[in-house]
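Only one structure is covered here, and it is reproduced in the block below.
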Amino acid sequence: MSIADSSVQPDLSPVLSDGGQAEAAPAPGVSAWQLARRRLKRNKPALLFGALFFLLVALALAAPLWAQIADTTPAKNHLSDTIVVNGKSEQVVTFDGVPIAPTFQKKFFLGADSNGRDVAVRLLYGARNSLFIGITAAIITVLLAVMLGTLAGYFRGWTDAIISRSLDVMWAFPVLLLGVALGVSLALGGLQIGPLQISGGSKWIPTLIIGFVGVVYLARPIRGQVLSLREKEFVEAARAQGAGPIRIMFGELLPNLASTILVFFPLLVANSILLEAALSFLGAGVQPPEPSWGTMLSDGVELLSTAPHLTIVPGLMLVLTVLALNVFGDGVRDALDPRAKVRLEH
Amino acid sequence: MPRSLRGVLCLLFACTATFGLAACGGDDDDSAGTTTGGGTAASDAGGKAGGTIRTAYTSFPDYLDPALSYTQEGWQSLWTVYTPLLTYRHEEGAEGATVVPGLAEDMPEITNAGKTYTFQLRDNVKYSDGTAVKASDFEHSIKRVLNLESGGSSFYLGIEGAEKYVKDGKARADITGIEANDQTGEITINLLKPDGRFPYILTMVFASLVPGDTPFQNMTKDPPPGVGPYKFENVRVNRGYDLVKMPDFNVPDQQVGKADKIEVEIIKNRRRQTQDTIQNKIDYMNDPPAPDQLRDVRAQYTDKRYKEFVTNSTYYYFLNHDVAPFNNEKARQAVNFAVDKRSLARLFGGLLEPGCNFLPPGMQGYEKIDPCPWGDPTAAPDVEKARALVKEAGVDGQSVTVYGNDEPESKSLAEYLSDVLNDIGFKAKPRIVEASVYFTTIGNQKTKAQAGFANWFQDFPHPGNFFFLVDERSIQETNNQNFGNVKDPEAQAIFAEADQNADIEAVADDYARADKLIVEGAHVVPYGHRKLTVFYSDKVDFENCTVWHPVYNLDFTNLCLK
């Protein structure tokens with residue numbers, strides 16, 4: 001992954017409308033944020049996909065409700081149960097291990113998996129896990145990346161050298177491989193950082209791993225921007241007024257990094273969700289019996305032709321979520337700086 | 001034996017604890033009925049001879065070296081290329097499980113209170129390269145097993161001087177307990193302690209004879225010559241190899257190969273294997289068809305080109321007697337009542353025969369426990385009773401971690417047990433460990449694994465090869481195979497006595513009683529025995545050429561075309 005262009009700042013310059021004509025300059029008193037909001041409002045696809053993402057979040061939050069309706073839990077096995085579908089009694093899992101297809105009724109709405117668990121219920125609970133990990137990991141990435149990038153960019157010298165070279169080392173590892181290595185090694189024994197102890201099966205393990213490996217994507221552009229910002233007049237002025245490094249970083253630099261962070265955030269969430277799915281698919285992410293879209297995909301692979309719903313359903317959710325976040329993220333980017341070309345490239 | 005169908009290696013100390021602890025009270029008369037002095041090699045009348053048969057494996061065998069291989073895939077081929085002093089007939093059922101002389105002229109003379117075995121090597125036996133077989137080759141073969149730290153080395157540490165040989169680490173050094181006279185062909189083996197299972201240990205592929213100049217290294221790329229109905233040719237590691245018929249093979253009672261050549265090709269994708277078999281591009285696939293193709297294969301080809309066989313294997317959940325809550329007998333009983341064996345069979349796609357016994361049906365000493373104390377294995381479980389027992393034991397709400405590995409079946413089985421335990425009042429969650437370190441993890445006492453998945457495929461057809469899994473003498477700090485730390489004094493007394501007797505038939509009832517004690521004591525949760533499959537192309541003679549051997553599964557020497 002590389003950053004194509006990291007110079008992302010709120011832009012007050014005129015932008016081209018759909019008709020190709022220059023928009024009128026903003027009216028006096030309209031802030032950069034207000035202008036960005038207006039641009040975003042005009043971007044219908046971005047808003048549509050943003051709404052889709054929030055719908056998915058709402059569905060994920062409603063998971064316990066659907067579980068109640070379906071009268072099961074995400075981990076409940078119904079291997080030897082039978083249910084009535086269209087007046088006909090059907091086995092949830094046949095003797096030869098083939099799970100029931102979507103019934104489109106309360107129970108097994110999207111079918112069952114090979115353990116006889118309700119796919120719809122697992123899908124919604126999986127959404128909770130995938131979104132939790134995606135969003136939390138992206139927050140961790142932002143916090144770490146902003147901290148490291150700002151320190152490196154502001155202090156330069158040996159601080160920059162140490163941080164930048166460490167990031168280079170991380171950059172040299174294939175992200176998925178690094179994630180799998182960390183996931184597998186921490187899955188059994190868990191993680192202990194000082195008094196903080198996380199058990200091996202906790203979803204905080206993949207969250208921290210994804211948050212950690214994502215830092216390289218954001219820390220570098222942040223550093224680059226801080227390097228540029230620290231030479232600006234307003235920083236010089238603050239320094240002349242006797243402001244120390246901490247005050248300059250928090251008071252002057254961080255507010256100017258907000259747009260970059262906002263642009264990156266949805267893309268980081270999408271990327272984290274994908275990475276979580278990949279890690280879980282490989283057994284190094286969310287641990288059973290907790291569902292996630294990645295583990296659901298992995299569970300369904302063996303029954304690809306007799307029970308395709310096991311892979312299609314979580315796969316589709318994954319595609320929709322990542323698509324929604326990417327289109328919405330692009331909309332945010334366009335709104336904040338129509339000239340920027342920020343991409344998380346693999 | 002490998003616990004995984006894909007050939008996960010068995011742990012080095014699989015049977016160390018039990019080996020050497022047993023005593024042998026049998027004598028050479030016990031086996032008189034099974035020996036044949038000077039007949040000719042058997043040739044089954046059924047099925048056409050000749051032709052080339054193409055077979056598919058999902059993975060290359062672990063080794064094509066008899067000293068090292070410890071997987072079903074490896075043994076299946078190696079048995080056709082190498083013959084030990086003692087072996088089995090190429091027959092099904094009890095006939096195939098009976099020990100018969102291989103390269104030995106007769107069954108051994110057992111003296112010195114069961115500690116000395118004397119063999120006479122057959123005359124004029126030659127390896128596939130034409131060199132004569134010598135008595136000293138046996139010692140060399142055992143040295144290779146020990147020196148190469150083979151997975152099977154623990155089986156031979158009961159031979160006098162074997163421990164010292166391993167400790168000294170000198171490949172060419174002598175094993176004092178093996179004396180071989182190349183002039184007379186006499187081989188004498190002295191054991192530290194009597195062991196009724198030793199004849200079976202000598203039937204294992206590890207003890208196959210290879211020439212005395214075979215290097216002390218893994219010979220997979222260029223397997224050493226052997227004495228058998230086939231020889232290896234065209235070995236392409238990780239891609240395949242050929243078994244080419246040895247027309248001069250002539251060991252009495254041993255099957256001469258029917259096909260001229262058996263080509264083994266590695267096709268990693270089981271779906272493709274199934275497709276290729278259906279389309280007659282390959283003639284036999286070793287693994288069961290992919291789960292999503294199994295239904296169609298069953299429906300269309302059962303008893304024509306497809307058949308399922310119950311193996312001598314046991315699948316069970318271990319429950320740790322040394323750690324709460326399963327140090328409480330009622331808690332263990334509750335789990336036995338709650339597990340639905342019909343459900344578990346579904347997790348195997350029907351390739352599991354639900355059962356109540358710990359011993360598999362094909363094993364000496366197996367007596368079906370009927371009625372099963374925990375309910376009919378083919379009926380619904382008594383979950384209410386299980387819940388009541390958990391409450392009665394005062395263990396409800398206790399946390400349990402259920403161990404499984406990341407292979408699909410094991411993972412599903414751990415998730416299933418976790419759900420069952422939650423259902424009856426525990427707070428359970430599964431913990432999935434990477435397959436390659438799974439058994440060492442749960443076999444380490446520091447892990448304190450409370451419950452989890454376990455299975456066993458036989459090394460040789462002797463009940464002791466299963467009971468060591470629940471034998472107190474097997475318990476050790478690391479590499480423990482008695483995962484549940486089972487200690488049943490009554491069963492223990494039976495093991496100690498029965499293991500001394502080389503005549504299995506005489507002690508079969510004792511082993512059956514021990515089996516019942518293990519089940520009734522709720523020491524483990526046995527739930528079934530794995531089925532394996534044969535699936536042929538239309539060209540293979542299904543009726544006349546399918547011999548399912550109790551140790552080596554499908555017998556390649558009987559495989560033939562229509």
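Going through the structure tokens in order, the chains are called A, B, and so on, while each chain numbers its residues from 1 and the ligands are numbered from 1 in the order shown.
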
What lies within 7 Å of Glu367 of chain B using only C-alpha atoms, ignoring chain neighbours under 2 positions off, as a compact mmCIF listing (two decimals) with N, CA, C and O atoms, in the first residue's frame?
```
# COMPACT_ATOMS: atom_id res chain seq x y z
N GLY B 365 -11.21 -57.77 21.69
CA GLY B 365 -11.65 -57.26 23.00
C GLY B 365 -12.86 -56.35 22.89
O GLY B 365 -13.41 -55.93 23.90
N ILE B 369 -21.05 -52.30 24.06
CA ILE B 369 -21.66 -52.00 25.37
C ILE B 369 -23.12 -51.63 25.11
O ILE B 369 -23.42 -50.55 24.58
N ALA B 512 -12.29 -56.31 27.18
CA ALA B 512 -13.70 -55.88 27.04
C ALA B 512 -14.20 -55.30 28.36
O ALA B 512 -14.93 -54.30 28.39
```

**Request:** Residues of chain B no more than 9 Å from chain A, counting only C-alpha atoms: send them over as a ChimeraX atom specification.
**Result:** /B:290-295,340,342-351,380,406,408,411-413,415-416,418-420,423,429-434

**Complete:** Val332 of chain A proximity check over A:Ile139, A:Leu40, A:Leu279, A:Val92, using only C-alpha atoms: winner is A:Leu40

**Prompt:** Skipping near chain neighbours, those fewer than 6 positions away, what residues fall within 12 Å of segment 44-56 of chain A using only C-alpha atoms, listed as an MDAnalysis selection string?
**Reply:** chainID A and resid 37:38 62:63 123:128 130:131 266 269:270 317:335

File dump, residues just selected, N, CA, C and O atoms, as a compact mmCIF listing (two decimals), in the first residue's frame:
```
# COMPACT_ATOMS: atom_id res chain seq x y z
N ARG A 37 -18.97 20.49 3.99
CA ARG A 37 -20.27 19.86 4.23
C ARG A 37 -21.20 20.05 3.02
O ARG A 37 -21.90 19.16 2.61
N ARG A 38 -21.15 21.26 2.49
CA ARG A 38 -22.00 21.54 1.31
C ARG A 38 -21.60 20.63 0.14
O ARG A 38 -22.44 20.10 -0.56
N ALA A 62 -28.82 -4.38 15.96
CA ALA A 62 -30.09 -5.10 16.17
C ALA A 62 -29.91 -6.62 16.25
O ALA A 62 -30.89 -7.35 16.31
N ALA A 63 -28.68 -7.08 16.26
CA ALA A 63 -28.43 -8.53 16.24
C ALA A 63 -29.15 -9.28 17.37
O ALA A 63 -29.78 -10.32 17.11
N LEU A 123 -24.46 -13.77 11.09
CA LEU A 123 -24.07 -12.68 10.20
C LEU A 123 -24.17 -11.32 10.92
O LEU A 123 -23.27 -10.49 10.82
N LEU A 124 -25.26 -11.15 11.67
CA LEU A 124 -25.45 -9.88 12.37
C LEU A 124 -24.46 -9.74 13.52
O LEU A 124 -23.89 -8.67 13.73
N TYR A 125 -24.27 -10.82 14.25
CA TYR A 125 -23.27 -10.77 15.33
C TYR A 125 -21.87 -10.62 14.73
O TYR A 125 -21.00 -9.96 15.30
N GLY A 126 -21.67 -11.25 13.59
CA GLY A 126 -20.39 -11.12 12.89
C GLY A 126 -20.16 -9.68 12.47
O GLY A 126 -19.04 -9.17 12.53
N ALA A 127 -21.26 -9.01 12.06
CA ALA A 127 -21.16 -7.60 11.67
C ALA A 127 -20.71 -6.77 12.86
O ALA A 127 -19.88 -5.87 12.73
N ARG A 128 -21.26 -7.09 14.03
CA ARG A 128 -20.85 -6.35 15.25
C ARG A 128 -19.34 -6.50 15.45
O ARG A 128 -18.64 -5.53 15.72
N SER A 130 -17.02 -7.50 13.24
CA SER A 130 -16.22 -6.93 12.15
C SER A 130 -16.18 -5.41 12.25
O SER A 130 -15.12 -4.79 12.08
N LEU A 131 -17.33 -4.81 12.52
CA LEU A 131 -17.37 -3.35 12.61
C LEU A 131 -16.64 -2.86 13.85
O LEU A 131 -15.92 -1.85 13.80
N PRO A 266 -12.37 6.69 7.08
CA PRO A 266 -13.25 5.64 6.49
C PRO A 266 -12.47 4.61 5.70
O PRO A 266 -12.80 3.42 5.71
N VAL A 269 -10.97 2.25 8.14
CA VAL A 269 -11.98 1.33 8.67
C VAL A 269 -12.21 0.19 7.66
O VAL A 269 -12.21 -1.00 8.01
N ALA A 270 -12.38 0.58 6.40
CA ALA A 270 -12.61 -0.42 5.35
C ALA A 270 -11.43 -1.39 5.27
O ALA A 270 -11.61 -2.62 5.21
N MET A 317 -21.79 -9.20 2.33
CA MET A 317 -21.78 -8.18 3.39
C MET A 317 -20.44 -7.46 3.43
O MET A 317 -20.38 -6.24 3.59
N LEU A 318 -19.41 -8.24 3.26
CA LEU A 318 -18.06 -7.67 3.28
C LEU A 318 -17.88 -6.69 2.12
O LEU A 318 -17.40 -5.56 2.31
N VAL A 319 -18.32 -7.11 0.95
CA VAL A 319 -18.19 -6.27 -0.23
C VAL A 319 -18.99 -4.98 -0.05
O VAL A 319 -18.49 -3.87 -0.29
N LEU A 320 -20.24 -5.12 0.42
CA LEU A 320 -21.09 -3.95 0.60
C LEU A 320 -20.49 -2.97 1.59
O LEU A 320 -20.47 -1.75 1.36
N THR A 321 -20.01 -3.48 2.70
CA THR A 321 -19.47 -2.61 3.74
C THR A 321 -18.23 -1.87 3.24
O THR A 321 -18.11 -0.66 3.42
N VAL A 322 -17.34 -2.61 2.62
CA VAL A 322 -16.10 -1.99 2.16
C VAL A 322 -16.39 -1.00 1.03
O VAL A 322 -15.83 0.10 0.99
N LEU A 323 -17.32 -1.38 0.16
CA LEU A 323 -17.71 -0.48 -0.93
C LEU A 323 -18.32 0.80 -0.35
O LEU A 323 -17.97 1.92 -0.77
N ALA A 324 -19.22 0.63 0.61
CA ALA A 324 -19.88 1.79 1.22
C ALA A 324 -18.85 2.72 1.85
O ALA A 324 -18.90 3.95 1.64
N LEU A 325 -17.92 2.14 2.58
CA LEU A 325 -16.92 2.97 3.25
C LEU A 325 -16.00 3.65 2.25
O LEU A 325 -15.63 4.81 2.43
N ASN A 326 -15.65 2.95 1.19
CA ASN A 326 -14.75 3.54 0.20
C ASN A 326 -15.42 4.68 -0.56
O ASN A 326 -14.81 5.73 -0.75
N VAL A 327 -16.67 4.45 -0.98
CA VAL A 327 -17.37 5.51 -1.72
C VAL A 327 -17.62 6.70 -0.82
O VAL A 327 -17.41 7.86 -1.21
N PHE A 328 -18.03 6.42 0.41
CA PHE A 328 -18.26 7.51 1.36
C PHE A 328 -16.94 8.23 1.65
O PHE A 328 -16.89 9.46 1.70
N GLY A 329 -15.89 7.44 1.83
CA GLY A 329 -14.57 8.02 2.10
C GLY A 329 -14.11 8.90 0.96
O GLY A 329 -13.57 9.99 1.17
N ASP A 330 -14.37 8.46 -0.27
CA ASP A 330 -14.02 9.28 -1.43
C ASP A 330 -14.81 10.58 -1.44
O ASP A 330 -14.29 11.64 -1.79
N GLY A 331 -16.07 10.46 -1.03
CA GLY A 331 -16.92 11.65 -0.95
C GLY A 331 -16.37 12.64 0.05
O GLY A 331 -16.33 13.86 -0.21
N VAL A 332 -15.94 12.13 1.18
CA VAL A 332 -15.38 13.00 2.22
C VAL A 332 -14.11 13.66 1.69
O VAL A 332 -13.90 14.86 1.86
N ARG A 333 -13.32 12.88 1.01
CA ARG A 333 -12.08 13.43 0.44
C ARG A 333 -12.40 14.53 -0.58
O ARG A 333 -11.81 15.61 -0.55
N ASP A 334 -13.34 14.22 -1.45
CA ASP A 334 -13.70 15.22 -2.46
C ASP A 334 -14.23 16.49 -1.82
O ASP A 334 -13.99 17.60 -2.31
N ALA A 335 -14.93 16.29 -0.72
CA ALA A 335 -15.51 17.45 -0.05
C ALA A 335 -14.43 18.29 0.62
O ALA A 335 -14.47 19.52 0.58
```

**Message:** Which residues are near Gly153 of chain A? Cut-off 10 Å, only C-alpha atoms, ignore same chain within fewer than 3 positions. Put them as a PyMOL selection string.
**Reply:** chain A and resi 148-150+156-157+159-160+163-164+219-230

**Asked** as a PyMOL selection string, which residues of segment 203-342 of chain A does DSSP assign to alpha helix (DSSP H)?
**Response** chain A and resi 204-213+215-229+233-240+245-247+254-281+293-300+309-336

**Item:** Within 12 Å of Gln279 of chain B using only C-alpha atoms, minus same-chain residues under 3 positions, as a ChimeraX atom specification
**Value:** /B:272-276,282-284,535-539

**Item:** B:Thr58, B:Ser399, B:Asn312, B:Thr533 ranked by distance to Val297 of chain B, top pick (using only C-alpha atoms)
**Value:**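 Going through B:Thr58, B:Ser399, B:Asn312, B:Thr533 one by one, the smallest distance to Val297 of chain B is for B:Thr533.
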
**Message:** Give me, as a list in words, all polymer residues having an atom no more than 9 Å from Ile209 of chain A, counting only C-alpha atoms and skipping those fewer than 6 positions away in the same chain.
**Reply:**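 Answer for this query is Ala137, Leu178, Gly179, Leu182 and Gly183 of chain A.
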
For N, CA, C and O atoms, I'd like the residues from the last selection saved as a PDB file, in the first residue's frame.
```pdb
ATOM      1  N   ALA A 137      -9.907  -0.565  15.524  1.00  0.00           N
ATOM      2  CA  ALA A 137      -8.537  -0.658  15.000  1.00  0.00           C
ATOM      3  C   ALA A 137      -8.160   0.628  14.270  1.00  0.00           C
ATOM      4  O   ALA A 137      -7.027   1.105  14.391  1.00  0.00           O
ATOM      5  N   LEU A 178       2.421 -10.381   8.590  1.00  0.00           N
ATOM      6  CA  LEU A 178       2.718  -9.857   9.916  1.00  0.00           C
ATOM      7  C   LEU A 178       1.517 -10.076  10.836  1.00  0.00           C
ATOM      8  O   LEU A 178       1.667 -10.507  11.982  1.00  0.00           O
ATOM      9  N   GLY A 179       0.333  -9.789  10.304  1.00  0.00           N
ATOM     10  CA  GLY A 179      -0.890  -9.976  11.092  1.00  0.00           C
ATOM     11  C   GLY A 179      -1.100 -11.416  11.484  1.00  0.00           C
ATOM     12  O   GLY A 179      -1.434 -11.726  12.627  1.00  0.00           O
ATOM     13  N   LEU A 182       1.486 -12.457  14.165  1.00  0.00           N
ATOM     14  CA  LEU A 182       1.125 -11.920  15.481  1.00  0.00           C
ATOM     15  C   LEU A 182      -0.130 -12.602  16.021  1.00  0.00           C
ATOM     16  O   LEU A 182      -0.198 -12.969  17.191  1.00  0.00           O
ATOM     17  N   GLY A 183      -1.107 -12.791  15.132  1.00  0.00           N
ATOM     18  CA  GLY A 183      -2.383 -13.394  15.551  1.00  0.00           C
ATOM     19  C   GLY A 183      -2.203 -14.791  16.073  1.00  0.00           C
ATOM     20  O   GLY A 183      -2.720 -15.150  17.129  1.00  0.00           O
TER      21      GLY A 183
END
```
